[in-house]
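Okay, coords13.cif is below, mmCIF, C-alpha atoms:
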```
data_run
#
loop_
_atom_site.label_atom_id
_atom_site.label_comp_id
_atom_site.auth_asym_id
_atom_site.auth_seq_id
_atom_site.Cartn_x
_atom_site.Cartn_y
_atom_site.Cartn_z
CA MET I 1 135.94 123.92 126.40
CA ALA I 2 132.85 121.93 127.08
CA TYR I 3 133.24 118.32 128.18
CA VAL I 4 130.18 117.19 126.25
CA THR I 5 130.33 114.95 123.19
CA ASP I 6 128.59 115.83 119.90
CA ARG I 7 126.30 112.85 120.42
CA LYS I 8 125.27 114.09 123.86
CA ARG I 9 124.57 117.61 122.59
CA ALA I 10 122.32 116.31 119.82
CA ALA I 11 120.47 113.71 121.88
CA GLY I 12 116.80 114.52 122.39
CA LEU I 13 116.74 117.52 120.05
CA GLY I 14 115.36 115.79 116.98
CA SER I 15 112.21 114.24 118.30
CA ALA I 16 108.95 115.68 119.55
CA LYS I 17 108.83 112.63 121.86
CA THR I 18 105.27 111.93 120.83
CA GLY I 19 103.74 110.53 117.65
CA THR I 20 103.94 106.77 118.00
CA GLU I 21 100.27 106.69 119.05
CA HIS I 22 99.47 108.71 115.91
CA LEU I 23 101.10 106.07 113.68
CA TRP I 24 99.45 103.27 115.67
CA HIS I 25 96.04 104.91 115.29
CA MET I 26 96.56 105.24 111.51
CA GLN I 27 97.52 101.55 111.35
CA ILE I 28 94.44 100.46 113.34
CA THR I 29 92.05 102.50 111.17
CA SER I 30 93.89 101.43 107.96
CA VAL I 31 93.41 97.73 108.70
CA LEU I 32 89.76 98.25 109.67
CA LEU I 33 89.14 100.25 106.49
CA LEU I 34 90.56 97.46 104.31
CA VAL I 35 87.46 95.54 105.44
CA LEU I 36 85.05 98.47 105.68
CA VAL I 37 85.75 100.10 102.30
CA PRO I 38 84.44 97.13 100.24
CA LEU I 39 81.48 96.80 102.65
CA PHE I 40 80.74 100.53 102.29
CA LEU I 41 80.82 100.26 98.48
CA ILE I 42 78.46 97.28 98.61
CA ALA I 43 76.12 99.09 101.02
CA VAL I 44 76.02 102.50 99.30
CA GLY I 45 77.04 101.98 95.66
CA PRO I 46 73.95 100.15 94.32
CA VAL I 47 71.42 102.76 95.54
CA VAL I 48 73.16 105.98 94.41
CA GLY I 49 70.84 107.40 91.75
CA GLU I 50 67.86 105.28 92.82
CA SER I 51 64.43 106.67 93.81
CA TYR I 52 63.57 108.21 97.20
CA GLU I 53 61.48 105.16 98.18
CA ALA I 54 64.24 102.71 97.21
CA VAL I 55 66.94 104.65 99.08
CA THR I 56 64.96 105.14 102.31
CA ALA I 57 63.86 101.47 102.31
CA HIS I 58 67.45 100.34 101.63
CA PHE I 59 68.97 102.21 104.61
CA ALA I 60 66.18 101.05 106.92
CA ARG I 61 67.71 97.55 106.67
CA PRO I 62 70.42 96.53 109.19
CA PHE I 63 73.38 95.70 106.90
CA PRO I 64 73.36 98.87 104.74
CA ALA I 65 72.81 101.07 107.82
CA LEU I 66 75.57 99.44 109.89
CA ALA I 67 78.13 99.14 107.07
CA THR I 68 77.57 102.80 106.11
CA ALA I 69 77.73 104.02 109.73
CA LEU I 70 80.89 102.03 110.51
CA GLY I 71 82.51 103.14 107.26
CA LEU I 72 81.82 106.80 108.04
CA ILE I 73 83.02 106.57 111.67
CA VAL I 74 86.30 104.82 110.92
CA ALA I 75 87.00 106.66 107.63
CA LEU I 76 86.47 110.10 109.18
CA ASN I 77 88.64 109.16 112.17
CA HIS I 78 91.33 108.06 109.71
CA PHE I 79 90.83 111.32 107.77
CA ARG I 80 91.09 113.37 110.97
CA TYR I 81 94.58 111.95 111.65
CA GLY I 82 95.67 111.93 108.01
CA VAL I 83 94.71 115.52 107.24
CA GLN I 84 96.62 116.59 110.36
CA VAL I 85 99.85 115.29 108.77
CA LEU I 86 99.03 117.13 105.53
CA ILE I 87 98.55 120.41 107.44
CA GLU I 88 101.68 119.88 109.56
CA ASP I 89 103.77 119.32 106.42
CA TYR I 90 102.80 122.55 104.65
CA THR I 91 101.90 125.11 107.34
CA ASP I 92 103.19 126.27 110.71
CA GLY I 93 102.38 128.51 113.68
CA ALA I 94 98.86 129.82 114.22
CA THR I 95 97.74 128.82 110.70
CA ARG I 96 98.66 125.22 111.44
CA LYS I 97 96.76 125.20 114.73
CA PHE I 98 93.70 126.86 113.19
CA LEU I 99 93.59 124.45 110.23
CA ILE I 100 94.05 121.35 112.38
CA ILE I 101 91.24 122.39 114.73
CA ALA I 102 89.01 123.36 111.78
CA MET I 103 89.55 120.04 109.98
CA ILE I 104 88.94 118.03 113.16
CA GLY I 105 85.68 119.99 113.45
CA VAL I 106 84.80 119.13 109.83
CA SER I 107 85.57 115.44 110.53
CA TYR I 108 83.36 115.26 113.64
CA GLY I 109 80.65 117.37 111.97
CA THR I 110 80.50 115.11 108.89
CA MET I 111 80.48 112.02 111.10
CA ALA I 112 77.62 113.35 113.27
CA THR I 113 75.57 114.44 110.23
CA GLY I 114 75.95 111.04 108.57
CA LEU I 115 75.02 109.14 111.75
CA TYR I 116 72.01 111.41 112.37
CA ALA I 117 70.77 110.82 108.81
CA LEU I 118 71.26 107.05 109.11
CA ALA I 119 69.47 106.97 112.45
CA ARG I 120 66.48 108.81 110.99
CA LEU I 121 66.42 106.50 107.97
CA ALA I 122 66.64 103.41 110.20
CA ILE I 123 63.76 104.37 112.51
CA MET V 1 129.71 121.90 115.68
CA ALA V 2 131.81 119.14 114.19
CA ASP V 3 132.40 118.49 110.44
CA VAL V 4 131.13 121.86 109.16
CA ASN V 5 130.64 121.74 105.38
CA ARG V 6 129.37 124.98 103.87
CA GLY V 7 129.19 125.74 100.15
CA ASN V 8 130.16 122.28 98.97
CA ARG V 9 126.84 120.52 99.27
CA PRO V 10 124.73 119.09 96.44
CA LEU V 11 121.84 121.36 95.39
CA SER V 12 118.38 120.10 96.26
CA PRO V 13 116.33 119.19 93.18
CA HIS V 14 113.90 121.85 91.99
CA LEU V 15 110.38 120.48 91.57
CA GLN V 16 109.76 122.25 88.23
CA VAL V 17 112.76 120.71 86.47
CA TYR V 18 112.90 117.43 88.36
CA ARG V 19 111.50 114.23 86.91
CA MET V 20 109.86 112.51 89.86
CA GLN V 21 110.48 108.80 90.31
CA MET V 22 107.75 106.19 90.34
CA THR V 23 108.06 105.95 94.12
CA ALA V 24 107.56 109.71 94.57
CA ILE V 25 104.56 109.88 92.21
CA SER V 26 102.86 106.85 93.77
CA SER V 27 103.45 108.37 97.22
CA ILE V 28 102.05 111.86 96.52
CA PHE V 29 98.94 110.32 94.95
CA ILE V 30 98.18 108.57 98.27
CA ARG V 31 98.09 112.00 99.92
CA ILE V 32 96.04 113.57 97.13
CA THR V 33 93.47 110.74 96.96
CA GLY V 34 93.14 110.47 100.75
CA ASN V 35 92.42 114.13 101.27
CA ALA V 36 90.32 114.57 98.13
CA LEU V 37 88.03 111.78 99.34
CA LEU V 38 86.51 114.35 101.72
CA VAL V 39 84.61 115.81 98.74
CA GLY V 40 82.92 112.51 97.85
CA THR V 41 82.25 111.80 101.53
CA LEU V 42 80.56 115.19 102.00
CA LEU V 43 78.38 114.57 98.93
CA ILE V 44 77.29 111.12 100.14
CA VAL V 45 76.57 112.40 103.68
CA TRP V 46 74.58 115.33 102.26
CA TRP V 47 72.64 112.85 100.06
CA LEU V 48 71.90 110.70 103.16
CA LEU V 49 70.76 113.76 105.11
CA ALA V 50 68.49 114.76 102.22
CA ALA V 51 66.99 111.24 102.11
CA ALA V 52 66.33 111.50 105.86
CA THR V 53 64.71 114.94 105.51
CA SER V 54 62.09 114.98 102.74
CA PRO V 55 61.38 113.71 99.19
CA GLU V 56 61.81 117.28 97.84
CA TYR V 57 65.23 117.74 99.43
CA PHE V 58 66.22 114.26 98.25
CA ALA V 59 65.30 115.18 94.67
CA LEU V 60 67.80 118.05 94.82
CA ALA V 61 70.63 115.92 96.25
CA ASP V 62 69.86 113.13 93.78
CA ALA V 63 69.96 115.62 90.87
CA VAL V 64 73.41 116.84 91.97
CA LEU V 65 74.78 113.29 92.48
CA THR V 66 73.50 112.07 89.11
CA SER V 67 74.60 115.20 87.18
CA TRP V 68 77.83 115.00 85.13
CA PHE V 69 79.64 116.73 88.00
CA GLY V 70 78.28 114.30 90.58
CA LYS V 71 79.08 111.30 88.41
CA LEU V 72 82.62 112.59 87.87
CA VAL V 73 83.12 113.01 91.64
CA MET V 74 81.67 109.54 92.33
CA LEU V 75 83.86 107.89 89.66
CA GLY V 76 86.94 109.75 90.94
CA SER V 77 86.06 108.80 94.52
CA ILE V 78 85.78 105.10 93.64
CA TRP V 79 89.23 105.21 92.02
CA ALA V 80 90.64 107.25 94.94
CA LEU V 81 89.15 104.79 97.43
CA TRP V 82 90.85 101.83 95.73
CA TYR V 83 94.13 103.64 95.09
CA HIS V 84 94.33 104.85 98.69
CA SER V 85 93.44 101.36 99.99
CA LEU V 86 96.22 99.75 97.93
CA GLY V 87 98.55 102.54 99.09
CA GLY V 88 97.57 101.75 102.67
CA LEU V 89 98.38 98.09 102.09
CA ARG V 90 101.79 99.14 100.76
CA HIS V 91 102.36 101.34 103.82
CA LEU V 92 101.51 98.48 106.18
CA TYR V 93 103.96 96.29 104.20
CA PHE V 94 106.65 99.02 104.36
CA ASP V 95 106.00 99.49 108.09
CA SER V 96 106.85 95.82 108.62
CA GLY V 97 110.31 96.64 107.21
CA ARG V 98 109.80 94.85 103.90
CA GLY V 99 109.66 95.95 100.25
CA LEU V 100 111.86 99.00 100.78
CA ASP V 101 114.42 98.29 98.02
CA VAL V 102 113.93 100.38 94.86
CA PRO V 103 112.90 97.62 92.38
CA THR V 104 110.26 96.25 94.78
CA ALA V 105 108.96 99.73 95.73
CA GLU V 106 108.62 100.62 92.02
CA LYS V 107 106.78 97.39 91.27
CA LEU V 108 104.39 98.10 94.17
CA GLY V 109 103.79 101.61 92.76
CA TRP V 110 102.83 100.22 89.35
CA GLY V 111 100.68 97.66 91.15
CA MET V 112 98.79 100.49 92.87
CA PHE V 113 98.06 102.37 89.62
CA ILE V 114 97.14 99.30 87.58
CA GLY V 115 95.34 97.56 90.46
CA SER V 116 93.22 100.61 91.30
CA ALA V 117 92.28 101.10 87.62
CA VAL V 118 91.20 97.44 87.34
CA LEU V 119 89.26 97.58 90.63
CA THR V 120 87.53 100.81 89.52
CA VAL V 121 86.40 99.22 86.23
CA LEU V 122 85.15 96.15 88.13
CA THR V 123 83.30 98.33 90.67
CA VAL V 124 81.61 100.45 88.00
CA ALA V 125 80.67 97.29 86.07
CA ALA V 126 79.19 95.74 89.23
CA LEU V 127 77.13 98.80 90.23
#
```
Conversion result in structure tokens:
Amino acid sequence: MAYVTDRKRAAGLGSAKTGTEHLWHMQITSVLLLVLVPLFLIAVGPVVGESYEAVTAHFARPFPALATALGLIVALNHFRYGVQVLIEDYTDGATRKFLIIAMIGVSYGTMATGLYALARLAI
Amino acid sequence: MADVNRGNRPLSPHLQVYRMQMTAISSIFIRITGNALLVGTLLIVWWLLAAATSPEYFALADAVLTSWFGKLVMLGSIWALWYHSLGGLRHLYFDSGRGLDVPTAEKLGWGMFIGSAVLTVLTVAAL
């Protein structure tokens, strides 16, 4: 006979005790992207399909370069946290760890490549 | 354990014979659009890198982006971007504890599908 209530036995077992900062980070990047997504479309949309000269001249200007860079940074941060939830929902164990690390690498890699390209176009 | 109940539970719905509700469909499309947007992002970043490298490399990236495949990805990405943004708005609204009753949640779901379609048409018309 254990003198412990059902409530006491269950307390603390259901939660990983972390994760609120994950939700908060998603909310921060979501709100920022509500502004950045239209700016990104305005900055990138009109020059897709244009000539080499038009595209390089376009991204040498401050607004297209900054809106595109900010869009990529915040969107890929948002993606990095979002894809983690996708992986956690459908995989477990070593596969889960490998996929999360790989996708964080893809997120940082894409971000760095985009920023490098924009920097070269701006200078 | 208290209140053990084995063998008398309702069966969980099987996905192949289960008609998903509006709320479930509008939810799974947020996940699909959000993760699929990586493809469009990779194409745009590759196109930027090509523009920063050389006119020859840019010609290749431009040919891929303006091919039927590239245009399909770009059109899909524009829709996904709007759908996911409206879905994000709905999530922020849900997170504030509002709109969680079924009639409101279903209306918001229809709003996401119709709203994203309208915004996609407007975006394509503007570009």
Between V:Ser12, V:Ser77, V:Thr104, V:Thr66, which residue has the minimum interatomic distance to chain I, considering only C-alpha atoms? V:Thr66
Show me, as a PyMOL selection string, the residues that have an atom within 7 Å of stretch 80-91 of chain V when counting all atoms listed in the file, minus same-chain residues fewer than 4 positions from it. (chain I and resi 30+34) or (chain V and resi 30+33-34+37+76+95+112-113+116+119)
Hey, list the chain I side of the contact with chain V: 10 Å cut-off, all atoms listed in the file, answer as a count of residues only. 53
What does the structure give for the distance between atom CA of V:Ser27 and atom CA of I:Tyr108, in Å to one decimal? 26.8 Å
Interatomic distance, atom CA of I:His22 to atom CA of I:Ile101 (Å, one decimal):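 Atom CA of I:Ile101 lies at a distance of 16.0 Å from atom CA of I:His22.
Take atom CA of V:Trp79 and atom CA of V:Thr120: the distance between them is 5.3 Å.
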Take stretch 22-120 of chain I from the preceding structure and save C-alpha atoms as a tab-separated table (two decimals), in the first residue's frame.
```tsv
chain	number	residue	atom	x	y	z
I	22	HIS	CA	10.27	27.13	-28.82
I	23	LEU	CA	6.67	28.39	-29.06
I	24	TRP	CA	7.77	31.93	-28.18
I	25	HIS	CA	10.43	31.85	-30.89
I	26	MET	CA	7.86	30.67	-33.45
I	27	GLN	CA	5.54	33.50	-32.41
I	28	ILE	CA	8.30	36.13	-32.70
I	29	THR	CA	9.35	34.95	-36.17
I	30	SER	CA	5.68	34.56	-37.26
I	31	VAL	CA	4.85	38.17	-36.44
I	32	LEU	CA	8.04	39.44	-38.11
I	33	LEU	CA	7.31	37.35	-41.21
I	34	LEU	CA	3.81	38.84	-41.53
I	35	VAL	CA	5.68	42.07	-42.35
I	36	LEU	CA	8.65	40.53	-44.16
I	37	VAL	CA	6.78	38.18	-46.52
I	38	PRO	CA	5.04	41.01	-48.45
I	39	LEU	CA	8.32	42.99	-48.47
I	40	PHE	CA	10.18	39.93	-49.77
I	41	LEU	CA	7.61	39.46	-52.56
I	42	ILE	CA	7.92	43.13	-53.51
I	43	ALA	CA	11.73	42.95	-53.46
I	44	VAL	CA	12.19	39.65	-55.35
I	45	GLY	CA	9.01	39.04	-57.36
I	46	PRO	CA	9.36	41.74	-60.06
I	47	VAL	CA	12.89	40.70	-61.16
I	48	VAL	CA	12.46	36.91	-61.40
I	49	GLY	CA	12.89	36.16	-65.10
I	50	GLU	CA	14.57	39.50	-65.87
I	51	SER	CA	17.99	39.90	-67.52
I	52	TYR	CA	21.36	39.49	-65.73
I	53	GLU	CA	22.00	43.27	-65.86
I	54	ALA	CA	18.54	44.10	-64.46
I	55	VAL	CA	18.82	41.56	-61.63
I	56	THR	CA	22.36	42.54	-60.52
I	57	ALA	CA	21.47	46.26	-60.66
I	58	HIS	CA	18.24	45.63	-58.71
I	59	PHE	CA	19.95	43.84	-55.78
I	60	ALA	CA	22.70	46.47	-55.63
I	61	ARG	CA	20.04	48.88	-54.31
I	62	PRO	CA	19.44	49.09	-50.52
I	63	PHE	CA	15.73	48.16	-50.24
I	64	PRO	CA	15.76	44.97	-52.37
I	65	ALA	CA	19.01	43.80	-50.73
I	66	LEU	CA	17.83	44.44	-47.16
I	67	ALA	CA	14.27	43.12	-47.62
I	68	THR	CA	15.62	39.94	-49.26
I	69	ALA	CA	18.33	39.43	-46.61
I	70	LEU	CA	15.92	39.99	-43.70
I	71	GLY	CA	13.31	37.75	-45.30
I	72	LEU	CA	15.83	34.92	-45.71
I	73	ILE	CA	17.25	35.26	-42.17
I	74	VAL	CA	13.90	35.29	-40.38
I	75	ALA	CA	12.18	32.78	-42.70
I	76	LEU	CA	14.99	30.22	-42.39
I	77	ASN	CA	15.07	30.67	-38.61
I	78	HIS	CA	11.31	30.07	-38.59
I	79	PHE	CA	11.82	27.04	-40.87
I	80	ARG	CA	14.56	25.68	-38.60
I	81	TYR	CA	12.13	25.57	-35.64
I	82	GLY	CA	9.13	24.48	-37.70
I	83	VAL	CA	10.81	21.56	-39.45
I	84	GLN	CA	12.02	20.36	-36.03
I	85	VAL	CA	8.37	19.87	-34.98
I	86	LEU	CA	7.65	18.00	-38.23
I	87	ILE	CA	10.59	15.63	-37.60
I	88	GLU	CA	9.69	15.15	-33.92
I	89	ASP	CA	6.11	14.20	-34.88
I	90	TYR	CA	7.02	11.43	-37.33
I	91	THR	CA	10.41	10.02	-36.26
I	92	ASP	CA	12.21	9.04	-33.07
I	93	GLY	CA	15.58	7.92	-31.69
I	94	ALA	CA	18.75	8.34	-33.72
I	95	THR	CA	16.82	9.08	-36.95
I	96	ARG	CA	15.13	12.02	-35.24
I	97	LYS	CA	18.42	13.43	-33.96
I	98	PHE	CA	20.14	12.98	-37.33
I	99	LEU	CA	17.29	14.64	-39.27
I	100	ILE	CA	17.01	17.59	-36.87
I	101	ILE	CA	20.75	18.26	-37.05
I	102	ALA	CA	20.75	17.83	-40.85
I	103	MET	CA	17.83	20.23	-41.35
I	104	ILE	CA	19.35	22.84	-39.03
I	105	GLY	CA	22.48	22.54	-41.19
I	106	VAL	CA	20.40	23.03	-44.35
I	107	SER	CA	18.74	26.11	-42.77
I	108	TYR	CA	22.04	27.75	-41.80
I	109	GLY	CA	23.65	26.74	-45.11
I	110	THR	CA	20.83	28.26	-47.18
I	111	MET	CA	20.89	31.40	-45.05
I	112	ALA	CA	24.67	31.82	-45.44
I	113	THR	CA	24.55	31.19	-49.21
I	114	GLY	CA	21.79	33.75	-49.70
I	115	LEU	CA	23.57	36.39	-47.59
I	116	TYR	CA	26.87	35.77	-49.40
I	117	ALA	CA	25.18	36.18	-52.79
I	118	LEU	CA	23.40	39.38	-51.66
I	119	ALA	CA	26.64	40.80	-50.27
I	120	ARG	CA	28.44	40.18	-53.56
```
